[in-house]
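Enquirer: So here's data29.cif, just mmCIF, C-alpha atoms:
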data_input
#
loop_
_atom_site.label_atom_id
_atom_site.label_comp_id
_atom_site.auth_asym_id
_atom_site.auth_seq_id
_atom_site.Cartn_x
_atom_site.Cartn_y
_atom_site.Cartn_z
CA MET A 25 88.23 -90.50 26.70
CA ARG A 26 87.17 -88.53 29.76
CA ARG A 27 89.88 -87.81 32.30
CA MET A 28 89.22 -89.39 35.68
CA LEU A 29 89.16 -86.14 37.63
CA LEU A 30 88.14 -87.69 40.90
CA THR A 31 90.20 -90.84 41.14
CA GLY A 32 90.83 -91.51 44.81
CA ARG A 33 88.33 -88.90 45.98
CA ARG A 34 85.67 -90.08 48.41
CA ILE A 35 82.41 -88.24 48.06
CA ARG A 36 79.44 -88.19 50.41
CA LEU A 37 76.46 -87.45 48.17
CA THR A 38 73.08 -86.45 49.57
CA GLY A 39 69.82 -85.27 48.04
CA ASP A 40 70.63 -86.87 44.69
CA ASP A 41 68.17 -89.04 42.79
CA GLY A 42 70.97 -91.07 41.22
CA THR A 43 71.59 -88.69 38.32
CA LEU A 44 74.71 -87.18 39.78
CA ALA A 45 75.94 -90.31 41.55
CA GLU A 46 76.59 -92.36 38.45
CA ARG A 47 78.33 -89.46 36.73
CA LEU A 48 80.63 -88.69 39.65
CA VAL A 49 81.54 -92.37 39.81
CA ALA A 50 82.29 -92.15 36.09
CA HIS A 51 84.71 -89.36 36.97
CA GLY A 52 86.48 -91.80 39.29
CA ALA A 53 84.92 -90.86 42.63
CA ALA A 54 84.09 -93.39 45.30
CA LEU A 55 80.80 -92.73 47.04
CA ASP A 56 81.53 -93.06 50.72
CA ASP A 57 80.15 -91.52 53.89
CA GLU A 58 83.73 -91.25 55.16
CA CYS A 59 84.52 -88.51 52.71
CA ASP A 60 86.97 -85.94 51.41
CA VAL A 61 84.16 -84.09 49.68
CA ALA A 62 80.47 -83.66 50.49
CA VAL A 63 78.03 -82.85 47.71
CA HIS A 64 74.43 -81.98 48.52
CA VAL A 65 71.79 -81.59 45.83
CA VAL A 66 69.13 -79.13 46.91
CA SER A 67 65.77 -80.41 45.82
CA THR A 68 63.05 -77.77 45.63
CA SER A 69 59.44 -78.04 44.63
CA THR A 70 58.53 -77.20 41.03
CA ALA A 71 54.85 -76.87 41.86
CA GLU A 72 53.91 -73.37 40.73
CA GLN A 73 51.45 -71.60 42.97
CA PRO A 74 50.86 -67.94 43.83
CA LEU A 75 52.36 -67.13 47.20
CA VAL A 76 49.02 -65.99 48.60
CA ASP A 77 47.58 -69.45 47.94
CA THR A 78 50.31 -71.40 49.73
CA THR A 79 49.44 -72.87 53.09
CA GLU A 80 51.81 -72.79 56.03
CA ALA A 81 52.32 -76.53 55.58
CA GLN A 82 53.29 -76.01 51.95
CA TRP A 83 55.63 -73.21 52.98
CA ALA A 84 57.30 -75.53 55.48
CA GLU A 85 57.65 -78.27 52.88
CA ARG A 86 58.89 -76.09 50.02
CA CYS A 87 61.02 -73.54 51.91
CA ASP A 88 62.04 -74.79 55.33
CA ALA A 89 62.61 -78.46 54.48
CA PRO A 90 65.23 -77.89 51.74
CA ILE A 91 67.08 -75.39 53.94
CA LEU A 92 67.13 -77.76 56.90
CA ALA A 93 68.31 -80.64 54.71
CA ALA A 94 71.16 -78.46 53.47
CA ILE A 95 72.12 -77.48 57.03
CA ASP A 96 72.10 -81.16 58.01
CA ALA A 97 74.34 -82.01 55.05
CA ALA A 98 76.74 -79.21 55.90
CA GLN A 99 76.98 -80.18 59.56
CA GLU A 100 77.54 -83.81 58.66
CA ALA A 101 80.28 -82.85 56.21
CA HIS A 102 81.94 -80.85 58.97
CA ARG A 103 81.65 -83.72 61.46
CA ARG A 104 83.30 -86.02 58.95
CA ASN A 105 86.14 -83.55 58.37
CA ALA A 106 85.41 -83.10 54.68
CA SER A 107 87.71 -80.52 53.12
CA ARG A 108 85.20 -79.58 50.46
CA LEU A 109 81.47 -78.98 50.41
CA VAL A 110 79.51 -78.39 47.21
CA PHE A 111 75.83 -77.50 47.03
CA VAL A 112 73.92 -77.98 43.78
CA VAL A 113 71.07 -75.46 43.76
CA PRO A 114 68.44 -74.38 41.23
CA VAL A 115 69.33 -71.07 39.64
CA LEU A 116 65.78 -69.81 40.15
CA GLY A 117 66.83 -68.31 43.47
CA MET A 118 69.13 -65.98 41.58
CA THR A 119 66.66 -65.10 38.85
CA GLY A 120 63.44 -65.16 40.82
CA ALA A 121 60.52 -67.22 39.59
CA PRO A 122 56.82 -66.39 39.75
CA GLY A 123 54.81 -69.09 41.46
CA LEU A 124 57.91 -70.49 43.10
CA VAL A 125 58.55 -68.06 45.96
CA PRO A 126 59.14 -70.73 48.65
CA ALA A 127 61.54 -72.69 46.42
CA ALA A 128 63.44 -69.58 45.37
CA THR A 129 63.67 -68.46 48.99
CA ALA A 130 65.14 -71.84 49.92
CA ALA A 131 67.62 -71.76 47.04
CA GLU A 132 68.95 -68.35 48.04
CA ALA A 133 69.05 -69.35 51.69
CA VAL A 134 71.24 -72.31 50.78
CA ARG A 135 73.57 -70.08 48.76
CA ALA A 136 73.80 -67.87 51.84
CA LEU A 137 74.48 -70.99 53.91
CA ALA A 138 77.41 -71.72 51.60
CA ARG A 139 78.87 -68.28 52.29
CA VAL A 140 78.30 -68.72 56.01
CA ALA A 141 79.95 -72.16 55.98
CA ALA A 142 82.85 -70.83 53.93
CA ARG A 143 83.51 -68.18 56.57
CA HIS A 144 82.96 -70.47 59.56
CA TRP A 145 84.88 -73.50 58.46
CA GLY A 146 87.53 -72.06 56.17
CA PRO A 147 89.96 -71.70 59.08
CA GLU A 148 89.35 -75.38 59.85
CA GLY A 149 90.28 -76.41 56.32
CA MET A 150 86.95 -76.64 54.54
CA SER A 151 86.01 -74.72 51.42
CA VAL A 152 82.48 -74.42 50.10
CA SER A 153 80.97 -73.69 46.69
CA CYS A 154 77.63 -73.78 44.89
CA VAL A 155 76.70 -74.93 41.42
CA ALA A 156 73.52 -73.28 40.17
CA THR A 157 71.64 -75.14 37.48
CA ARG A 158 68.66 -74.51 35.27
CA GLY A 159 65.33 -75.90 36.28
CA ALA A 160 61.95 -74.35 36.64
CA GLY A 161 61.86 -70.59 36.34
CA PRO A 162 62.06 -67.82 33.80
CA ILE A 163 64.53 -67.55 30.97
CA THR A 164 65.66 -63.97 31.33
CA ALA A 165 67.93 -63.72 28.31
CA PRO A 166 68.93 -65.66 25.20
CA GLN A 167 71.14 -68.61 25.96
CA SER A 168 74.75 -68.39 24.90
CA LEU A 169 75.21 -72.16 24.89
CA PRO A 170 72.86 -75.09 24.57
CA ASP A 171 71.00 -76.20 27.68
CA ALA A 172 73.26 -77.74 30.26
CA THR A 173 72.87 -81.50 30.41
CA ASP A 174 73.20 -83.71 33.47
CA ASP A 175 76.69 -84.57 32.22
CA ASP A 176 77.56 -80.87 32.04
CA VAL A 177 76.39 -80.24 35.59
CA ALA A 178 78.22 -83.31 36.87
CA GLY A 179 81.38 -82.18 35.12
CA VAL A 180 81.37 -78.84 36.90
CA VAL A 181 80.61 -80.53 40.23
CA ALA A 182 83.57 -82.84 39.54
CA LEU A 183 85.80 -79.85 38.83
CA LEU A 184 84.77 -78.24 42.10
CA ALA A 185 85.23 -81.53 43.96
CA HIS A 186 88.82 -81.75 42.69
CA GLU A 187 91.45 -80.83 45.23
CA LEU A 188 92.79 -78.03 43.03
CA ALA A 189 89.45 -76.22 43.41
CA PHE A 190 89.95 -75.97 47.18
CA PRO A 191 90.83 -72.25 47.21
CA ALA A 192 87.57 -71.31 45.45
CA THR A 193 85.24 -70.79 48.37
CA GLY A 194 81.93 -69.09 49.03
CA GLY A 195 81.00 -68.55 45.41
CA THR A 196 78.53 -69.91 42.88
CA VAL A 197 79.26 -71.30 39.42
CA ILE A 198 76.22 -71.02 37.16
CA VAL A 199 75.72 -73.89 34.72
CA ASP A 200 72.69 -72.86 32.69
CA GLY A 201 73.87 -72.33 29.15
CA GLY A 202 74.69 -68.69 29.76
CA VAL A 203 71.21 -67.42 30.55
CA VAL A 204 72.16 -65.79 33.83
CA LEU A 205 75.23 -63.60 33.45
CA ASN A 206 75.62 -61.83 36.76
CA PRO A 207 77.28 -58.42 36.94
CA MET B 13 62.67 -35.21 50.36
CA THR B 14 60.47 -38.20 49.63
CA ASP B 15 56.75 -37.44 49.67
CA LEU B 16 54.47 -40.11 51.14
CA SER B 17 51.51 -37.79 51.75
CA GLY B 18 48.17 -39.56 51.78
CA LYS B 19 49.72 -43.01 52.00
CA THR B 20 49.43 -45.65 54.67
CA ILE B 21 52.66 -47.50 55.39
CA LEU B 22 52.95 -50.58 57.60
CA VAL B 23 56.34 -51.32 59.18
CA THR B 24 57.04 -54.56 61.06
CA GLY B 25 59.53 -54.57 63.89
CA ALA B 26 59.01 -50.83 64.29
CA GLY B 27 59.24 -50.79 68.08
CA ALA B 28 62.93 -49.91 68.07
CA GLY B 29 66.08 -49.51 66.02
CA LEU B 30 65.93 -49.38 62.27
CA GLY B 31 62.21 -50.18 62.13
CA ARG B 32 61.47 -47.21 64.36
CA ALA B 33 63.66 -44.95 62.22
CA ILE B 34 61.80 -46.03 59.08
CA ALA B 35 58.42 -45.55 60.76
CA VAL B 36 59.34 -42.10 62.03
CA GLY B 37 60.76 -41.17 58.64
CA ALA B 38 57.65 -42.36 56.81
CA ALA B 39 55.45 -40.28 59.09
CA HIS B 40 57.70 -37.27 58.61
CA ALA B 41 57.26 -37.77 54.85
CA GLY B 42 53.51 -37.52 55.31
CA ALA B 43 52.37 -41.12 55.67
CA HIS B 44 50.05 -42.57 58.26
CA VAL B 45 52.08 -45.36 59.81
CA ILE B 46 50.92 -48.66 61.21
CA VAL B 47 53.57 -49.66 63.72
CA ALA B 48 53.36 -53.44 63.66
CA ALA B 49 55.31 -54.80 66.62
CA PRO B 50 54.70 -57.21 69.48
CA HIS B 51 55.94 -55.21 72.45
CA ASP B 52 54.88 -51.94 74.02
CA ASN B 53 58.01 -50.13 72.84
CA ALA B 54 55.86 -49.66 69.73
CA ALA B 55 53.83 -47.17 71.76
CA ALA B 56 56.98 -45.10 72.14
CA THR B 57 57.41 -45.10 68.36
CA VAL B 58 53.84 -43.86 67.97
CA ALA B 59 54.47 -41.19 70.63
CA LEU B 60 57.59 -40.00 68.79
CA ILE B 61 55.64 -39.69 65.57
CA GLU B 62 52.72 -37.88 67.15
CA ALA B 63 55.02 -35.51 69.03
CA ALA B 64 56.45 -34.49 65.66
CA GLY B 65 52.96 -33.85 64.28
CA GLY B 66 52.53 -37.11 62.39
CA THR B 67 49.94 -39.84 62.68
CA ALA B 68 50.50 -43.46 63.59
CA GLU B 69 48.89 -46.36 65.39
CA TRP B 70 50.28 -49.41 67.12
CA ALA B 71 49.08 -52.76 65.85
CA PRO B 72 50.26 -55.41 68.34
CA CYS B 73 51.62 -58.04 66.01
CA ASP B 74 53.84 -61.09 66.18
CA VAL B 75 54.71 -61.63 62.51
CA THR B 76 55.02 -65.39 63.02
CA LYS B 77 51.25 -65.54 63.53
CA ALA B 78 49.15 -65.14 60.41
CA ASP B 79 46.06 -63.96 62.26
CA GLU B 80 47.93 -61.18 64.04
CA VAL B 81 49.50 -60.02 60.79
CA GLU B 82 46.09 -60.04 59.13
CA ALA B 83 44.66 -57.98 61.98
CA ALA B 84 47.44 -55.43 61.68
CA PHE B 85 46.81 -54.95 57.97
CA ALA B 86 43.06 -54.84 58.54
CA ARG B 87 43.49 -51.51 60.27
CA ALA B 88 43.47 -49.89 56.83
CA ASP B 89 41.43 -50.47 53.67
CA VAL B 90 44.43 -49.56 51.55
CA VAL B 91 48.04 -50.11 52.56
CA HIS B 92 50.26 -48.37 50.03
CA GLY B 93 53.55 -49.69 51.29
CA VAL B 94 54.96 -52.35 53.58
CA VAL B 95 58.38 -52.71 55.17
CA HIS B 96 59.10 -56.14 56.62
CA ASN B 97 61.88 -55.27 59.00
CA ALA B 98 61.22 -57.61 61.94
CA THR B 99 63.97 -59.99 62.95
CA SER B 100 64.03 -62.66 65.61
CA ARG B 101 65.16 -62.33 69.21
CA LEU B 102 68.19 -64.45 68.26
CA SER B 103 69.42 -62.03 65.60
CA ASN B 104 72.11 -60.63 67.88
CA VAL B 105 72.95 -63.90 69.60
CA PRO B 106 76.22 -65.45 68.40
CA ALA B 107 76.09 -69.10 67.40
CA LYS B 108 78.28 -71.76 65.84
CA LEU B 109 77.23 -73.32 62.56
CA ALA B 110 78.23 -76.78 63.75
CA GLU B 111 75.91 -76.53 66.74
CA ILE B 112 72.74 -74.93 65.43
CA GLY B 113 69.57 -76.96 65.53
CA ARG B 114 65.94 -77.09 64.46
CA GLU B 115 64.72 -74.91 67.31
CA GLN B 116 67.05 -72.03 66.51
CA TYR B 117 66.22 -72.30 62.82
CA ALA B 118 62.52 -72.09 63.60
CA VAL B 119 63.02 -68.92 65.64
CA HIS B 120 64.94 -67.16 62.86
CA ALA B 121 62.90 -68.45 59.91
CA SER B 122 59.48 -67.93 61.44
CA VAL B 123 60.11 -64.19 61.75
CA SER B 124 62.15 -63.42 58.64
CA LEU B 125 60.75 -65.91 56.10
CA LEU B 126 57.36 -67.12 57.30
CA GLY B 127 56.70 -63.59 58.52
CA ALA B 128 57.41 -62.28 55.02
CA ARG B 129 54.94 -64.79 53.63
CA HIS B 130 52.28 -63.71 56.14
CA CYS B 131 52.86 -60.03 55.33
CA ALA B 132 52.65 -60.63 51.58
CA ARG B 133 49.39 -62.56 51.92
CA ALA B 134 47.83 -59.90 54.12
CA ALA B 135 49.13 -57.04 51.99
CA LEU B 136 48.06 -58.15 48.53
CA PRO B 137 44.31 -57.47 48.87
CA ARG B 138 45.07 -54.05 50.34
CA LEU B 139 47.75 -52.75 48.00
CA PRO B 140 46.47 -49.96 45.73
CA GLU B 141 45.39 -50.76 42.18
CA ALA B 142 47.89 -48.27 40.83
CA GLY B 143 50.70 -50.31 42.37
CA GLY B 144 51.92 -50.84 45.90
CA ARG B 145 55.34 -51.17 47.45
CA PHE B 146 56.67 -54.13 49.41
CA VAL B 147 60.13 -53.69 50.90
CA LEU B 148 62.05 -56.36 52.78
CA MET B 149 65.11 -55.79 54.91
CA THR B 150 68.01 -58.13 54.32
CA SER B 151 71.47 -57.71 55.80
CA PRO B 152 75.17 -57.76 55.00
CA ALA B 153 75.04 -61.14 56.75
CA GLY B 154 72.81 -62.38 53.95
CA MET B 155 74.96 -60.89 51.23
CA GLU B 156 78.38 -61.94 52.49
CA GLY B 157 77.73 -64.62 55.08
CA SER B 158 77.93 -64.09 58.80
CA LEU B 159 80.78 -65.39 60.89
CA THR B 160 78.97 -64.86 64.18
CA ASN B 161 75.34 -65.64 63.45
CA PRO B 162 74.94 -68.33 60.79
CA LEU B 163 71.17 -68.65 60.76
CA TYR B 164 70.69 -64.91 60.58
CA GLY B 165 72.83 -64.96 57.44
CA VAL B 166 70.91 -67.90 56.01
CA VAL B 167 67.44 -66.41 56.42
CA LYS B 168 68.55 -62.97 55.27
CA GLY B 169 69.98 -64.60 52.14
CA GLY B 170 66.65 -66.33 51.67
CA ILE B 171 64.91 -62.96 51.77
CA ARG B 172 66.63 -62.08 48.48
CA GLY B 173 65.17 -65.12 46.72
CA PHE B 174 61.78 -64.24 48.18
CA THR B 175 62.11 -60.68 46.90
CA LYS B 176 63.04 -61.57 43.34
CA SER B 177 60.35 -64.20 42.94
CA LEU B 178 57.56 -62.15 44.47
CA ALA B 179 58.67 -59.21 42.32
CA ARG B 180 58.10 -61.34 39.22
CA GLU B 181 54.83 -62.69 40.59
CA TRP B 182 53.40 -59.28 41.39
CA ALA B 183 54.86 -57.35 38.45
CA PRO B 184 51.72 -57.81 36.30
CA LEU B 185 49.82 -56.07 39.12
CA HIS B 186 52.35 -53.20 39.11
CA HIS B 187 53.30 -53.88 42.73
CA THR B 188 57.02 -53.62 43.31
CA VAL B 189 59.02 -55.81 45.67
CA THR B 190 62.48 -54.69 46.72
CA CYS B 191 65.09 -55.44 49.28
CA VAL B 192 67.47 -53.25 51.30
CA SER B 193 70.75 -54.38 52.81
CA PRO B 194 71.71 -51.78 55.42
CA LEU B 195 74.80 -51.29 57.51
CA ALA B 196 73.32 -49.37 60.40
CA ALA B 197 74.59 -48.19 63.74
CA THR B 198 71.85 -49.89 65.71
CA GLU B 199 71.49 -50.03 69.48
CA ALA B 200 72.79 -53.60 69.43
CA LEU B 201 75.91 -52.50 67.61
CA THR B 202 76.45 -49.65 70.04
CA VAL B 203 76.35 -52.15 72.90
CA ALA B 204 78.81 -54.39 71.06
CA PHE B 205 81.17 -51.42 70.62
CA GLN B 206 80.96 -50.69 74.34
CA ASN B 207 81.80 -54.30 75.14
CA ASP B 208 84.75 -54.40 72.74
CA PRO B 209 86.47 -50.99 72.51
CA THR B 210 88.58 -52.04 69.49
CA MET B 211 85.62 -53.29 67.52
CA GLN B 212 84.38 -49.93 66.26
CA ALA B 213 87.68 -48.91 64.69
CA ARG B 214 88.19 -52.38 63.28
CA LEU B 215 84.80 -52.51 61.58
CA THR B 216 84.70 -48.90 60.52
CA SER B 217 87.99 -49.34 58.66
CA ARG B 218 86.15 -51.69 56.29
CA VAL B 219 83.59 -49.05 55.31
CA PRO B 220 84.94 -46.82 52.53
CA LEU B 221 82.82 -43.85 53.62
CA GLY B 222 84.22 -44.32 57.11
CA TRP B 223 81.13 -44.63 59.30
CA PHE B 224 78.25 -46.91 60.13
CA GLY B 225 74.97 -45.67 58.76
CA ASP B 226 72.76 -43.60 60.98
CA PRO B 227 69.33 -45.28 60.96
CA GLU B 228 67.42 -42.03 60.48
CA ARG B 229 69.76 -40.03 58.26
CA ASP B 230 71.43 -42.72 56.17
CA VAL B 231 69.25 -45.84 56.03
CA ALA B 232 65.63 -44.76 56.35
CA PRO B 233 65.70 -42.27 53.41
CA PRO B 234 66.53 -44.89 50.74
CA VAL B 235 63.81 -47.13 52.18
CA LEU B 236 61.33 -44.26 52.00
CA PHE B 237 62.32 -43.67 48.38
CA LEU B 238 61.54 -47.30 47.56
CA LEU B 239 58.11 -46.80 49.16
CA SER B 240 57.39 -43.75 47.02
CA ASP B 241 55.77 -43.27 43.61
CA ASP B 242 59.19 -42.31 42.26
CA ALA B 243 60.38 -45.90 42.70
CA ARG B 244 57.66 -47.48 40.58
CA TYR B 245 60.13 -48.86 38.00
CA ILE B 246 62.42 -50.56 40.51
CA THR B 247 61.52 -54.12 41.42
CA GLY B 248 63.29 -57.31 42.40
CA GLN B 249 66.44 -55.40 43.34
CA THR B 250 68.56 -55.30 46.44
CA LEU B 251 69.66 -51.79 47.36
CA VAL B 252 72.85 -51.95 49.38
CA VAL B 253 73.05 -49.04 51.85
CA ASP B 254 76.36 -49.62 53.55
CA GLY B 255 78.81 -46.79 52.89
CA GLY B 256 80.40 -48.76 50.07
CA ARG B 257 81.41 -51.80 52.11
CA PHE B 258 79.96 -54.31 49.67
CA MET B 259 80.51 -53.51 46.00
CA THR B 260 80.53 -56.90 44.32
CA LEU B 261 76.95 -57.21 43.09
#
Give the structure from this file in structure tokens form.

Expert:
Amino acid sequence: MRRMLLTGRRIRLTGDDGTLAERLVAHGAALDDECDVAVHVVSTSTAEQPLVDTTEAQWAERCDAPILAAIDAAQEAHRRNASRLVFVVPVLGMTGAPGLVPAATAAEAVRALARVAARHWGPEGMSVSCVATRGAGPITAPQSLPDATDDDVAGVVALLAHELAFPATGGTVIVDGGVVLNP
Amino acid sequence: MTDLSGKTILVTGAGAGLGRAIAVGAAHAGAHVIVAAPHDNAAATVALIEAAGGTAEWAPCDVTKADEVEAAFARADVVHGVVHNATSRLSNVPAKLAEIGREQYAVHASVSLLGARHCARAALPRLPEAGGRFVLMTSPAGMEGSLTNPLYGVVKGGIRGFTKSLAREWAPLHHTVTCVSPLAATEALTVAFQNDPTMQARLTSRVPLGWFGDPERDVAPPVLFLLSDDARYITGQTLVVDGGRFMTL
């Protein structure tokens, strides 16, 4: 029987295709725009294409749009006095991925946004974290664990959405089966 | 000393500050330098280089415009190394994260990110078959987050994702792509110190080596190394040149 980590927590969830929503509800969360916690899933293009072949319109769609959506989500979380902000990002920004330069640029920009938000809004009572998950991109080392499932990712998001995770701010938890082990 | 003899190096944002220091250093190391910058302070960079016996040319270039970037690169058949150093006019303008909007984002991103894309596209056909060098300047703001300039921190963080992915993409061609995060005593910082007399001591106390990097003596040389043949096995990395301030990579 899974513990209801998020009973009583109100979560504003953006960028999700429904995958995370049902799992956070299963953890006891109530999805509500008037929130304690904001979670934003960063959606990046998986269309592989050499950088030199990308058009400016594709660059705007694959790089700028995800960054702007993340900024919007962060500002809205701040306006609604959320005490916690969690970004779910593809790990490919940390590993690099050939053919996915705009997406990887966006992913790292959002992780930087998390650090910026942590510094800006910490004194106002908000903490910010990222969860980096596998998706498109290279496997750079043998996995230590099986591939992370949607349940696994949701579980870590739930942990970070719990009030006890408040002091952890500005950092990234990688949920990819142990492929990326940062120094 | 790094040897760049016989090479052509293009530096964006080389009209002043760190970009100028890198351009001057590259010329001193023997390179012909294309000073890619939009304003006529680039002519002063060229004059400095020529006065020291080097060779350089000014390519008027706004990196947000693909055609101007292409024209700057077209000044040479082969460009051995590129440094994308340009940053937006808002880089030193404080802002609040809660108040930033689309217009400010566009100003920052069009120079740092879209400009990087334009430079990469223009560079690729001109990089040497034996392997070229593409260096991007990030910032402590991108590594640690900026309290005063949120969008500067965001786009400089994005530069690191750009670097790692392009490094993988171009590795089969033996072109390297690297990133430098400098802590430099720029003109803007000097002005900030003058405006706030306590600021220098406060910030310097956070640098283990005890000083802010001199653009010419401390920051340009590692960039020049990354442009050299000796750096051919380094790609996708961020070299932190900051007197030991950031050690948590």

Enquirer: Could you please tell me, as a PyMOL selection string, which residues of chain B have an atom within 9 Å of chain A when using all atoms listed in the file?

Expert: chain B and resi 108-114+117-118+121+125-126+129-130+132-134+136+153-163+165-182+248+260-261

Enquirer: Show which residues sit within 9 Å of stretch 200-211 of chain B, as a PyMOL selection string. Count all atoms listed in the file, and ignore same-chain residues fewer than 5 positions away.

Expert: chain B and resi 29+104+216

Enquirer: Using the chain letters and numbers from the file, which residues does the PyMOL selection byres ((chain B and resi 227-241) around 6) grab, as a ChimeraX atom specification?

Expert: /B:14,30,33-34,93,145,196,225-226,242-244

Enquirer: Between atom CA of A:Val113 and atom CA of A:Thr193, what is the spacing in Å?

Expert: 15.6 Å

Enquirer: Just want the 7 Å neighbourhood of stretch 83-91 of chain B, counted on all atoms listed in the file, with same-chain residues fewer than 2 positions away dropped. Output as a list in words.

Expert: Thr20, Ile21, Ala48, Ala71, Cys73, Asp79, Glu80, Val81, Gly93, Ala134, Ala135, Arg138, Leu139 and Pro140 of chain B

Enquirer: Report as a list of chain:residue names the full result of the PyMOL selection byres ((chain B and resi 247) around 6) when it is applied to this structure.

Expert: B:Ala179, B:Thr188, B:Val189, B:Thr190, B:Ile246, B:Gly248, B:Gln249

Enquirer: Please determine, counting only C-alpha atoms, which residue among B:Pro106, B:Pro194, B:Gly143, B:Gly222 has the shortest atom-to-atom distance to B:Thr250.

Expert: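 Nearest candidate to B:Thr250 out of B:Pro106, B:Pro194, B:Gly143, B:Gly222: B:Pro194.
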
Enquirer: Spell out the residues picked by the PyMOL selection byres ((chain A and resi 66) around 9) here, as a PDB file with C-alpha atoms, keeping the file's coordinate frame.

Expert:
ATOM      1  CA  THR A  38      73.080 -86.450  49.570  1.00  0.00           C
ATOM      2  CA  GLY A  39      69.820 -85.270  48.040  1.00  0.00           C
ATOM      3  CA  ASP A  40      70.630 -86.870  44.690  1.00  0.00           C
ATOM      4  CA  HIS A  64      74.430 -81.980  48.520  1.00  0.00           C
ATOM      5  CA  VAL A  65      71.790 -81.590  45.830  1.00  0.00           C
ATOM      6  CA  SER A  67      65.770 -80.410  45.820  1.00  0.00           C
ATOM      7  CA  THR A  68      63.050 -77.770  45.630  1.00  0.00           C
ATOM      8  CA  PRO A  90      65.230 -77.890  51.740  1.00  0.00           C
ATOM      9  CA  ILE A  91      67.080 -75.390  53.940  1.00  0.00           C
ATOM     10  CA  ALA A  93      68.310 -80.640  54.710  1.00  0.00           C
ATOM     11  CA  ALA A  94      71.160 -78.460  53.470  1.00  0.00           C
ATOM     12  CA  PHE A 111      75.830 -77.500  47.030  1.00  0.00           C
ATOM     13  CA  VAL A 112      73.920 -77.980  43.780  1.00  0.00           C
ATOM     14  CA  VAL A 113      71.070 -75.460  43.760  1.00  0.00           C
ATOM     15  CA  PRO A 114      68.440 -74.380  41.230  1.00  0.00           C
ATOM     16  CA  ALA A 130      65.140 -71.840  49.920  1.00  0.00           C
ATOM     17  CA  ALA A 131      67.620 -71.760  47.040  1.00  0.00           C
ATOM     18  CA  VAL A 134      71.240 -72.310  50.780  1.00  0.00           C
TER      19      VAL A 134
END

Enquirer: Would you mind reading off the distance between atom CA of B:Val58 and atom CA of B:Ser122, one decimal, in Å?

Expert: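 Distance between the two atoms: 25.6 Å.
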